[in-house]
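One structure is given here, and the rest of the page talks about it.
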Amino acid sequence: MKKMLPIYAFCLLIAAVVFIGNSCKKVEIVQSTTGVVNIYQYLKNHPDQFSMAAKIVEKSGFDGFLNAYGSYTMFAPTNTAVTTYLAELSKTSVDQITEAEAKDIVKFHLLEDTLTTASFKDGKLPLATMFGQFLITSISNTGGTSSFNINRQALVVQGNILAGNGFIHAIDHVLRPATKTVAELVAADPNYSIFKQALVETGFYDTLNTINTTDPSRRYLTLLAETNQALLDSGMADFAALKAKYSHTGNPAGALDSLHIYVAYHIIPDAKYLADIVSASSHISLQPLEVLASKLDGERVLINDIDFNGTHENGVELDRPNSDISATNGVLHQAKAHFAPKVRVPTAVYWDVADFPEIRKLPAIFRRTSYTFAAGTVADITWEKTDSPNDLNYQYTGTATNFFVNYNDYLKLRVGATGARNFWYQFKTPLIVKGKYKVWVCYRAQKGSGSLGAPGGSYNPVQVSFDGQPLQRPVTFTDPRPVLSDGELDALGWKRYTSPATNDYMVGKYVGIIDVTTTDRHFVRLASLPTAGTGQDVNNLDMIHFIPVDQVQYLPRFQRDGVQVFF
Amino acid sequence: MLQRIMIRFTLLVAVLATVSCKKWLDLKPQDGITGAEFWKTKEQVQAAVVGCYSSLLGGTKPVAELFFLWGELRADMVTSTTSTTNEQVDVINVNILSTNSICNWRPIYQTINYCNTVIDFAPGVIQKDPTFTQDALNKYLAEVKTIRAMMYFYLARTFGDVPLKLTATSSDQEIVQIAKSTQQQILTQVIKDLSEAEPDALLTYGNRDYDKGRITKYTINALQADVYLWMDKYDECVAACDKIIQSNKFGLIDGTSQNAWYSTLYVNGNSNESIFEFQFDQQKLNSFYTIMTTSRRQLQASSVVMDEMYAVDFIVPENKDIRGDGVSVRSTDNTIWKFVGLNTSNSRPQEQSSAHWPIYRYADIFLMKAEALNQKGQGADALGLVYAIRNRAHALTQTDDNPDPNDKVAVGDFVLKERAREFAYEGKRWFDVLRNAKRNNYERLGLLLGMVASTVPPDRQQSAIIKFRDKNCHYLPIYAYELQTDKLLIQNPFYN
């Protein structure tokens with residue numbers, strides 16, 4: 001047995017050699033999911049580009065959190081950028097920057113979100129830097145090459161560098177925060193001397209000269225300043241002329257003085273760069289309940305360029321090169337002409353809901369034939385069920401003798417509180433001047449089942465809301481109007497809105513009083529009340545009237561050809 | 001005892017030896033069909049050529065869809081909806097990153113590789129199949145060379161500089177890394193391929209569907225005209241157009257009845273006006289149903305198309321440009337109608353979404369020639385061709401610019417606008433505007449700037465305009481994945 005041992009050993013040895021020789025190669029197993037480093041480490045790993053930026057971060061003491069989990073965007077100045085910056089401060093090395101300075105620099109280059117260049121627009125980035133000021137982005141073209149421009153101070157030399165905790169954008173200059181307030185910017189420019197004096201006299205200079213930390217809604221303010229030239233063009237050569245024109249109480253600092261109102265109308269709460277201004281159609285000014293309408297016409301940014309009561313009012317252009325000037329507490333824009341809030345008297349709006357831009361573009365249909373619009377194709381009319389697309393029926397009556405609707409057309413709405421119909425429809429109104437109005441819903445009564453005026457059958461009460469506020473009375477599209485005189489009807493909240501006024505199924509129904517606070521376009525919503533159940537398909541909406549409370553409510557009446565008659 | 005040990009030992013060795021990783025028994029290559037089994041008969045050559053055509057219809061993203069997106073997204077005739085994909089929105093907003101899959105050129109290079117494979121291997125079949133003649137071979141080569149040229153032409157116009165690969169990649173060993181060639185080099189190769197293909201190509205296959213769905217000599221001439229026009233070689237462009245016009249094989253389809261015209265030209269396809277189109281059918285549907293059909297469509301016609309390009313006669317609504325409402329667009333809801341309509345009022349159901357994708361039509365020859373003639377200073381002749389197209393289409397007087405024949409810029413703009421009306425949504429608009437803008441060292445850059453000012457959202461308008469001042473921005477970036485896999489590729493300027 002003993003001599004067997006070497007044979008065993010020999011065999012095992014051979015076996016081992018064969019086994020090892022044939023065995024699978026060891027696969028290198030990668031145990032981390034990614035090799036991407038965090039922001040600070042990235043800067044450290046690329047000393048040829050970012051050694052100085054890394055040093056500043058280190059000095060600020062932020063290196064710790066920049067290397068930890070999170071979501072940040074850093075604008076990292078390259079070494080040449082930092083060298084230029086130091087030279088401007090007449091310093092020779094990063095060591096000469098104090099810790100506080102370093103902190104401010106890093107904070108101004110850092111945002112607490114991950115933003116790629118895809119989210120760079122014409123204006124400010126969606127959130128402020130950790131320093132508290134917004135950065136603005138744009139594009140600049142030098143020598144035929146376009147590149148991203150940050151804060152009008154630095155170009156992006158390499159964008160969208162992915163780090164573990166965010167994105168880095170390498171920039172060719174150090175960004176420097178604004179040091180002046182909006183008021184100081186105005187004061188520094190002699191072109192604004194008249195407007196500056198108006199700011200001082202009305203007390204808004206101080207408002208624009210402080211950083212409001214107590215009221216977050218006033219942390220940033222946007223000023224649309226008028227140059228001396230703009231005021232001169234409107235015949236005001238100096239402040240005295242401006243004051244003479246507006247200040248009727250003699251005390252511009254008082255809130256009721258028209259000069260005060262004039263200046264307040266030029267200030268918008270929040271930091272609104274031009275891109276923000278053109279993104280919305282109106283902006284509330286500091287003057288309570290006064291709005292500035294805005295729009296983009298080609299490349300021009302226009303303020304108060306509106307259609308009112310059928311006439312076009314030309315707007316005032318903002319001068320792009322002299323606008324979007326950042327301040328510590330907001331933004332400064334330059335208006336190319338003089339503008340002031342308009343005094344408007346409440347005017348009745350007889351709104352034909354079956355007349356909107358989309359249908360006017362279809363001459364083969366508009367006032368010629370019926371057509372069903374799909375959800376999303378009409379900008380100013382929306383409804384609940386976007387996936388059942390055929391719920392806005394434009395109806396043309398032709399010469400049908402039992403539909404005396406304005407211009408022979410109306411909208412047929414499928415409204416119901418439950419089931420397949422729409423719970424609500426929403427309309428954007430034409431411009432309504434601020435004031436108190438009575439609202440009338442004018443429709444052609446019809447019942448989906450049962451007969452009109454008799455009990456039973458369809459029943460469809462609808463709640464009308466104005467800017468989200470429910471109005472006092474519902475309107476029931478299945479109700480004909482009582483047969484009474486105009487006076488009696490008025491007292492009960494009905495009217496005969498058509499001419500001839502004989503048919504009791506042509507109904508004007510009073511739904512309530514609204515207090516329109518801003519001269520603007522508003523929203524009217526028709527929502528089915530729960531008692532309506534499944535509702536019905538034939539809710540024939542023809543017009544909605546907004547008539548100032550102190551005016552005659554039951555006139556004019558409307559003929560089928562659209563003519564208004566006053567008898 | 002020793003014997004038992006030896007047996008155990010042998011067994012052990014045997015077992016260990018066979019559980020190894022290397023496969024000793026499998027001798028066939030695992031990375032493809034062996035060339036030795038294919039490329040033996042002329043039927044196989046034909047199958048491979050047909051494969052090149054069918055690759056135009058399918059793929060990860062169908063080639064026709066890419067051509068549509070590349071040709072329309074950055075132009076002014078489409079606009080986004082609530083269902084538009086983020087990537088499409090980014091392209092519309094001039095916000096294209098290299099990770100955007102719309103700039104993935106893979107389907108195009110796939111087709112190019114199929115063509116290269118035929119060019120490399122088909123000549124060898126002559127020795128193996130005695131019934132396969134040199135003449136037949138040349139005809140096939142003419143077809144695939146033209147397809148390859150067409151693909152490179154689209155790549156060069158879309159990306160600028162692209163890698164030029166003229167040999168087949170038929171196995172893993174042949175994967176090579178190649179750098180970009182300049183746009184000029186690509187175009188030179190395109191011209192070379194086309195002039196090699198021209199003498200060999202057939203005039204007809206004896207069958208209408210083949211004539212419109214496969215490369216004929218006329219397809220080559222049309223492509224030549226387009227390439228020469230892009231390269232500002234107007235005499236060559238006119239000569240190529242004239243070859244087609246003088247063949248007397250084509251005509252403009254009569255536009256008296258809009259419905260019949262639409263049906264002949266677009267719904268059924270392969271009309272007498274068509275020169276070359278991608279042949280979608282019931283077996284191979286196009287991808288336009290999801291992009292353009294009503295409820296959740298990704299793209300729709302922008303409002304300027306009906307308002308300004310075709311215009312509307314508000315007094316007599318029946319008086320209309322037959323190319324507008326009911327053909328290019330359904331104006332009631334701005335649907336892009338050309339490829340999803342069954343007639344001027346009813347849409348195709350999904351299973352019938354097989355409208356052909358037109359590449360060249362006879363009308364294109366007219367308008368390419370008009371553009372070239374105008375550049376040569378023959379404005380009056382150019383206008384004659386434009387009015388032939390306009391009269392067929394019953395274009396409205398509102399859209400007649402009535403330019404002075406000697407005013408090169410005005411006539412050029414008129415031709416460009418007419419092209420927009422005639423080839424709406426046929427994937428040509430962006431390339432047309434870019435070609436006109438870049439002429440004479442970007443003399444008319446304003447065309448592009450004016451266009452982008454109206455297509456991007458207001459809060460990005462200024463950025464987009466200034467981006468477009470950089471001519472590198474007119475070309476798409478190289479897709480990020482390509483950069484990772486081919487280290488010799490350098491990202492296009494503007495995108496790094």
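Identifiers for the structure tokens are assigned positionally: chains receive A, B, ... in sequence, residues are indexed from 1 per chain, and ligands are indexed from 1 in the order shown.
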
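Neighbours of segment 164-178 of chain A closer than or equal to 6 Å, with only C-alpha atoms counted and sequence neighbours fewer than 6 positions away skipped, come out as Val36, Val37, Asn38, Tyr69, Gly70, Ser71, Tyr72, Thr73, Met74, Phe75, Ala76, Pro77, Thr78, Ala81, Thr114, Ala154, Leu155, Val156, Val157, Gln158, Ala327 and Thr328 of chain A.
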
Members of segment 124-344 of chain A assigned helix (DSSP H, G or I) by DSSP, as a VMD selection string: chain A and resid 182 to 188 190 to 202 204 to 207 216 to 218 228 to 233 239 to 246 258 to 264 274 to 279 320 to 322

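The residue set within 9 Å of segment 185-190 of chain B, counting only C-alpha atoms and dropping same-chain residues fewer than 2 places from it, reads Lys145, Thr146, Arg148, Ala149, Met150, Tyr152, Phe153, Leu155, Ala156, Asp161, Val162, Pro163, Leu164, Ser181, Thr182, Gln183, Lys192, Asp193, Leu194, Ser195, Gln224, Val227 and Met231 of chain B.
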
Atoms to include: N, CA and C atoms. Write the selected residues as a compact mmCIF listing (two decimals), in the first residue's frame.
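Result saved to again-v4.txt:
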```
# COMPACT_ATOMS: atom_id res chain seq x y z
N LYS B 145 -25.37 50.81 -56.65
CA LYS B 145 -24.52 52.00 -56.56
C LYS B 145 -25.37 53.25 -56.43
N THR B 146 -26.50 53.25 -57.12
CA THR B 146 -27.38 54.43 -57.04
C THR B 146 -28.01 54.52 -55.66
N ARG B 148 -26.74 53.42 -52.93
CA ARG B 148 -25.68 53.85 -52.03
C ARG B 148 -25.43 55.35 -52.19
N ALA B 149 -25.42 55.83 -53.42
CA ALA B 149 -25.19 57.25 -53.66
C ALA B 149 -26.30 58.08 -53.02
N MET B 150 -27.53 57.58 -53.14
CA MET B 150 -28.66 58.31 -52.56
C MET B 150 -28.50 58.41 -51.05
N TYR B 152 -25.72 58.27 -49.30
CA TYR B 152 -24.63 59.19 -48.95
C TYR B 152 -25.04 60.64 -49.17
N PHE B 153 -25.88 60.86 -50.17
CA PHE B 153 -26.33 62.23 -50.44
C PHE B 153 -27.15 62.76 -49.26
N LEU B 155 -26.92 61.62 -46.18
CA LEU B 155 -26.02 61.75 -45.03
C LEU B 155 -25.22 63.05 -45.12
N ALA B 156 -24.71 63.34 -46.32
CA ALA B 156 -23.86 64.53 -46.47
C ALA B 156 -24.66 65.80 -46.23
N ASP B 161 -19.93 66.24 -42.74
CA ASP B 161 -18.87 65.27 -42.96
C ASP B 161 -19.26 63.93 -42.33
N VAL B 162 -19.13 62.85 -43.10
CA VAL B 162 -19.48 61.53 -42.57
C VAL B 162 -18.44 60.52 -43.03
N PRO B 163 -18.34 59.36 -42.33
CA PRO B 163 -17.40 58.34 -42.78
C PRO B 163 -17.82 57.76 -44.13
N LEU B 164 -16.85 57.56 -44.99
CA LEU B 164 -17.15 57.01 -46.32
C LEU B 164 -16.67 55.57 -46.34
N SER B 181 -15.00 61.67 -43.78
CA SER B 181 -14.57 62.34 -45.00
C SER B 181 -15.36 63.63 -45.09
N THR B 182 -14.83 64.59 -45.82
CA THR B 182 -15.55 65.86 -45.88
C THR B 182 -16.78 65.71 -46.76
N GLN B 183 -17.70 66.66 -46.59
CA GLN B 183 -18.92 66.65 -47.39
C GLN B 183 -18.56 66.65 -48.88
N LYS B 192 -19.43 60.19 -58.73
CA LYS B 192 -18.68 59.12 -59.41
C LYS B 192 -19.55 57.87 -59.53
N ASP B 193 -20.19 57.48 -58.44
CA ASP B 193 -21.05 56.30 -58.45
C ASP B 193 -22.16 56.45 -59.47
N LEU B 194 -22.75 57.66 -59.49
CA LEU B 194 -23.89 57.86 -60.38
C LEU B 194 -23.45 57.81 -61.84
N SER B 195 -22.29 58.41 -62.13
CA SER B 195 -21.90 58.37 -63.55
C SER B 195 -21.46 56.97 -63.97
N GLN B 224 -28.86 62.90 -59.92
CA GLN B 224 -27.76 63.75 -60.40
C GLN B 224 -28.16 65.22 -60.37
N VAL B 227 -28.09 66.45 -56.82
CA VAL B 227 -26.74 66.59 -56.28
C VAL B 227 -26.04 67.80 -56.91
N MET B 231 -24.58 71.22 -55.28
CA MET B 231 -23.18 71.63 -55.45
C MET B 231 -23.07 72.90 -56.29
```

Neighbours of chain A in chain B at 8 Å, counting only C-alpha atoms, as an MDAnalysis selection string: chainID B and resid 2 5 9 12:13 16:17 20:21 90 95:97 295 307 312:315 317:318 331:334 453:454 458:464 466:472 494 496

Limited to N, CA and C atoms, could you put the picked residues into a file as a short mmCIF file (atom, residue, chain, number, x, y, z; two decimals), in the first residue's frame?
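Below is the file that was written, out_11.cif:
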```cif
data_model
loop_
_atom_site.label_atom_id
_atom_site.label_comp_id
_atom_site.auth_asym_id
_atom_site.auth_seq_id
_atom_site.Cartn_x
_atom_site.Cartn_y
_atom_site.Cartn_z
N LEU B 2 -3.70 -1.20 -8.97
CA LEU B 2 -3.12 -0.20 -9.86
C LEU B 2 -4.04 0.04 -11.06
N ILE B 5 -6.91 2.16 -10.17
CA ILE B 5 -6.50 3.57 -10.07
C ILE B 5 -6.34 4.16 -11.46
N PHE B 9 -8.27 7.22 -12.99
CA PHE B 9 -7.48 8.35 -13.43
C PHE B 9 -7.85 8.75 -14.87
N LEU B 12 -11.15 10.38 -14.96
CA LEU B 12 -11.07 11.73 -14.43
C LEU B 12 -10.53 12.69 -15.50
N VAL B 13 -9.44 12.23 -16.12
CA VAL B 13 -8.82 13.07 -17.16
C VAL B 13 -9.82 13.32 -18.28
N LEU B 16 -12.53 15.77 -17.11
CA LEU B 16 -12.05 17.13 -17.00
C LEU B 16 -11.75 17.74 -18.37
N ALA B 17 -11.24 16.89 -19.23
CA ALA B 17 -10.86 17.41 -20.55
C ALA B 17 -12.08 17.87 -21.34
N SER B 20 -14.27 21.52 -20.77
CA SER B 20 -13.55 22.77 -20.98
C SER B 20 -14.43 23.78 -21.71
N CYS B 21 -13.93 24.99 -21.81
CA CYS B 21 -14.72 26.07 -22.42
C CYS B 21 -14.58 26.12 -23.92
N ASP B 90 -36.88 68.58 -29.03
CA ASP B 90 -35.53 69.14 -28.97
C ASP B 90 -35.02 69.53 -30.36
N ASN B 95 -32.24 72.28 -30.27
CA ASN B 95 -31.67 71.94 -28.98
C ASN B 95 -31.15 70.52 -29.03
N ILE B 96 -30.40 70.22 -30.09
CA ILE B 96 -30.10 68.83 -30.39
C ILE B 96 -28.83 68.40 -29.67
N LEU B 97 -28.93 67.36 -28.87
CA LEU B 97 -27.75 66.80 -28.23
C LEU B 97 -27.36 65.53 -28.99
N SER B 295 -55.69 61.17 -33.16
CA SER B 295 -55.86 61.43 -31.73
C SER B 295 -54.55 61.64 -30.96
N ASP B 307 -52.40 79.18 -43.74
CA ASP B 307 -52.61 80.63 -43.70
C ASP B 307 -51.79 81.35 -44.77
N VAL B 312 -55.98 80.92 -48.27
CA VAL B 312 -57.38 80.52 -48.34
C VAL B 312 -58.14 81.63 -49.04
N ASP B 313 -59.03 81.26 -49.94
CA ASP B 313 -59.88 82.25 -50.59
C ASP B 313 -61.13 82.39 -49.73
N PHE B 314 -61.23 83.52 -49.01
CA PHE B 314 -62.35 83.66 -48.08
C PHE B 314 -63.66 83.98 -48.79
N ILE B 315 -63.57 84.48 -50.02
CA ILE B 315 -64.79 84.84 -50.72
C ILE B 315 -65.41 83.60 -51.37
N PRO B 317 -64.74 79.83 -51.17
CA PRO B 317 -63.94 78.77 -50.54
C PRO B 317 -63.67 77.60 -51.47
N GLU B 318 -64.52 77.41 -52.47
CA GLU B 318 -64.31 76.28 -53.38
C GLU B 318 -63.06 76.48 -54.23
N SER B 331 -57.24 70.94 -43.02
CA SER B 331 -57.14 72.22 -42.35
C SER B 331 -58.04 72.33 -41.14
N THR B 332 -59.04 71.46 -41.02
CA THR B 332 -59.90 71.57 -39.84
C THR B 332 -59.16 71.22 -38.56
N ASP B 333 -58.20 70.32 -38.61
CA ASP B 333 -57.46 70.02 -37.39
C ASP B 333 -55.96 69.97 -37.61
N ASN B 334 -55.50 70.50 -38.75
CA ASN B 334 -54.07 70.57 -39.05
C ASN B 334 -53.36 69.22 -39.06
N ALA B 453 -37.07 81.77 -36.54
CA ALA B 453 -37.72 82.72 -35.63
C ALA B 453 -39.19 82.39 -35.45
N SER B 454 -39.78 81.73 -36.46
CA SER B 454 -41.21 81.45 -36.34
C SER B 454 -41.48 80.04 -35.82
N PRO B 458 -41.30 81.15 -28.09
CA PRO B 458 -40.81 82.51 -27.87
C PRO B 458 -39.61 82.58 -26.93
N ASP B 459 -39.60 81.76 -25.88
CA ASP B 459 -38.53 81.90 -24.91
C ASP B 459 -37.21 81.30 -25.39
N ARG B 460 -37.18 80.72 -26.58
CA ARG B 460 -35.92 80.19 -27.11
C ARG B 460 -35.56 80.87 -28.43
N GLN B 461 -36.39 81.82 -28.84
CA GLN B 461 -36.24 82.37 -30.18
C GLN B 461 -34.86 82.97 -30.42
N GLN B 462 -34.43 83.84 -29.52
CA GLN B 462 -33.17 84.54 -29.73
C GLN B 462 -32.01 83.54 -29.77
N SER B 463 -32.03 82.58 -28.85
CA SER B 463 -30.98 81.56 -28.83
C SER B 463 -30.92 80.84 -30.17
N ALA B 464 -32.11 80.44 -30.64
CA ALA B 464 -32.16 79.65 -31.87
C ALA B 464 -31.62 80.46 -33.04
N ILE B 466 -29.45 82.89 -33.04
CA ILE B 466 -27.99 83.06 -33.00
C ILE B 466 -27.29 81.71 -33.22
N LYS B 467 -27.91 80.63 -32.76
CA LYS B 467 -27.33 79.32 -33.07
C LYS B 467 -27.26 79.12 -34.58
N PHE B 468 -28.32 79.53 -35.28
CA PHE B 468 -28.36 79.31 -36.72
C PHE B 468 -27.37 80.19 -37.48
N ARG B 469 -26.84 81.21 -36.82
CA ARG B 469 -25.82 82.01 -37.49
C ARG B 469 -24.54 81.19 -37.66
N ASP B 470 -24.40 80.13 -36.86
CA ASP B 470 -23.24 79.25 -36.97
C ASP B 470 -23.60 78.16 -37.98
N LYS B 471 -22.86 78.09 -39.09
CA LYS B 471 -23.31 77.16 -40.12
C LYS B 471 -23.12 75.71 -39.71
N ASN B 472 -22.28 75.47 -38.71
CA ASN B 472 -22.13 74.09 -38.23
C ASN B 472 -23.40 73.58 -37.59
N PHE B 494 -19.60 72.60 -33.12
CA PHE B 494 -20.81 73.17 -32.52
C PHE B 494 -21.40 72.23 -31.47
N ASN B 496 -19.68 69.96 -29.49
CA ASN B 496 -18.86 69.42 -28.40
C ASN B 496 -18.73 70.40 -27.25
#
```

Within 10 Å of segment 462-479 of chain A using only C-alpha atoms, minus same-chain residues under 5 positions, as a PyMOL selection string: chain A and resi 415-417+423-429+439-454+457+493+504-516+521-532+535-536+538-541

Polymer residues at most 12 Å from Ala240 of chain A, only C-alpha atoms, same-chain spacing of 3 or more positions, as a count of residues only: 16

For Lys196 of chain A: contacts at 9 Å, only C-alpha atoms, fewer than 6 positions along chain excluded, given as number ranges by chain: A: 183, 186-187, 205, 225

Put those residues in a file: C-alpha atoms, as a compact mmCIF listing (two decimals), in the first residue's frame.
```txt
# COMPACT_ATOMS: atom_id res chain seq x y z
CA ALA A 183 -32.60 101.43 -8.68
CA VAL A 186 -31.41 103.30 -13.36
CA ALA A 187 -29.52 105.97 -11.44
CA TYR A 205 -36.64 104.15 -5.67
CA ALA A 225 -37.92 101.88 -17.51
```

Non-local contacts of Lys44 of chain A (12 Å; only C-alpha atoms; under 6 positions in same chain excluded) as a ChimeraX atom specification: /A:37-38,50-58,63,66-67,76

Just N, CA and C atoms for this one: save the residues we selected as a PDB file, in the first residue's frame.
```pdb
ATOM      1  N   VAL A  37     -16.966  59.874 -11.745  1.00  0.00           N
ATOM      2  CA  VAL A  37     -16.630  60.490 -10.457  1.00  0.00           C
ATOM      3  C   VAL A  37     -17.530  61.687 -10.197  1.00  0.00           C
ATOM      4  N   ASN A  38     -17.504  62.160  -8.957  1.00  0.00           N
ATOM      5  CA  ASN A  38     -18.320  63.326  -8.615  1.00  0.00           C
ATOM      6  C   ASN A  38     -17.636  64.621  -9.044  1.00  0.00           C
ATOM      7  N   PHE A  50      -8.743  72.360 -14.766  1.00  0.00           N
ATOM      8  CA  PHE A  50      -9.504  72.858 -13.628  1.00  0.00           C
ATOM      9  C   PHE A  50      -8.722  72.913 -12.309  1.00  0.00           C
ATOM     10  N   SER A  51      -7.374  72.851 -12.337  1.00  0.00           N
ATOM     11  CA  SER A  51      -6.659  72.809 -11.064  1.00  0.00           C
ATOM     12  C   SER A  51      -6.978  74.032 -10.204  1.00  0.00           C
ATOM     13  N   MET A  52      -7.117  75.194 -10.850  1.00  0.00           N
ATOM     14  CA  MET A  52      -7.379  76.396 -10.075  1.00  0.00           C
ATOM     15  C   MET A  52      -8.807  76.434  -9.554  1.00  0.00           C
ATOM     16  N   ALA A  53      -9.739  75.980 -10.381  1.00  0.00           N
ATOM     17  CA  ALA A  53     -11.136  75.913  -9.926  1.00  0.00           C
ATOM     18  C   ALA A  53     -11.231  74.967  -8.736  1.00  0.00           C
ATOM     19  N   ALA A  54     -10.517  73.847  -8.803  1.00  0.00           N
ATOM     20  CA  ALA A  54     -10.540  72.887  -7.705  1.00  0.00           C
ATOM     21  C   ALA A  54      -9.997  73.534  -6.439  1.00  0.00           C
ATOM     22  N   LYS A  55      -8.976  74.351  -6.615  1.00  0.00           N
ATOM     23  CA  LYS A  55      -8.370  75.017  -5.459  1.00  0.00           C
ATOM     24  C   LYS A  55      -9.363  75.969  -4.801  1.00  0.00           C
ATOM     25  N   ILE A  56     -10.111  76.689  -5.637  1.00  0.00           N
ATOM     26  CA  ILE A  56     -11.098  77.627  -5.088  1.00  0.00           C
ATOM     27  C   ILE A  56     -12.171  76.861  -4.327  1.00  0.00           C
ATOM     28  N   VAL A  57     -12.613  75.743  -4.912  1.00  0.00           N
ATOM     29  CA  VAL A  57     -13.625  74.924  -4.241  1.00  0.00           C
ATOM     30  C   VAL A  57     -13.102  74.448  -2.891  1.00  0.00           C
ATOM     31  N   GLU A  58     -11.844  74.008  -2.893  1.00  0.00           N
ATOM     32  CA  GLU A  58     -11.216  73.528  -1.667  1.00  0.00           C
ATOM     33  C   GLU A  58     -11.197  74.635  -0.611  1.00  0.00           C
ATOM     34  N   ASP A  63     -15.703  71.431  -0.966  1.00  0.00           N
ATOM     35  CA  ASP A  63     -15.235  70.230  -1.643  1.00  0.00           C
ATOM     36  C   ASP A  63     -15.925  68.978  -1.115  1.00  0.00           C
ATOM     37  N   LEU A  66     -19.483  68.712  -2.612  1.00  0.00           N
ATOM     38  CA  LEU A  66     -19.417  68.539  -4.065  1.00  0.00           C
ATOM     39  C   LEU A  66     -18.903  67.156  -4.441  1.00  0.00           C
ATOM     40  N   ASN A  67     -18.436  66.431  -3.447  1.00  0.00           N
ATOM     41  CA  ASN A  67     -18.001  65.072  -3.733  1.00  0.00           C
ATOM     42  C   ASN A  67     -18.967  64.061  -3.140  1.00  0.00           C
ATOM     43  N   ALA A  76     -17.875  75.519 -14.313  1.00  0.00           N
ATOM     44  CA  ALA A  76     -16.498  75.465 -13.824  1.00  0.00           C
ATOM     45  C   ALA A  76     -15.599  76.318 -14.700  1.00  0.00           C
TER      46      ALA A  76
END
```

Filtered DSSP result for segment 141-206 of chain B, state strand (DSSP E), as JSON, numbers by chain: {"B": [162, 163, 180, 181]}

Gap from atom CA of Asp76 of chain B to atom CA of His283 of chain A - Å, one decimal: 29.3 Å

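Nearest-residue note for Asn319 of chain B: choosing from B:Val50, B:His394, B:Cys103, B:Met77, the minimum distance belongs to B:His394, counting only C-alpha atoms.
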
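Comparing the minimum interatomic distances between Arg481 of chain A and each of A:Asn314, A:Ser258, A:Asn503, A:Asn402, counting only C-alpha atoms, we find that A:Asn503 sits nearest.
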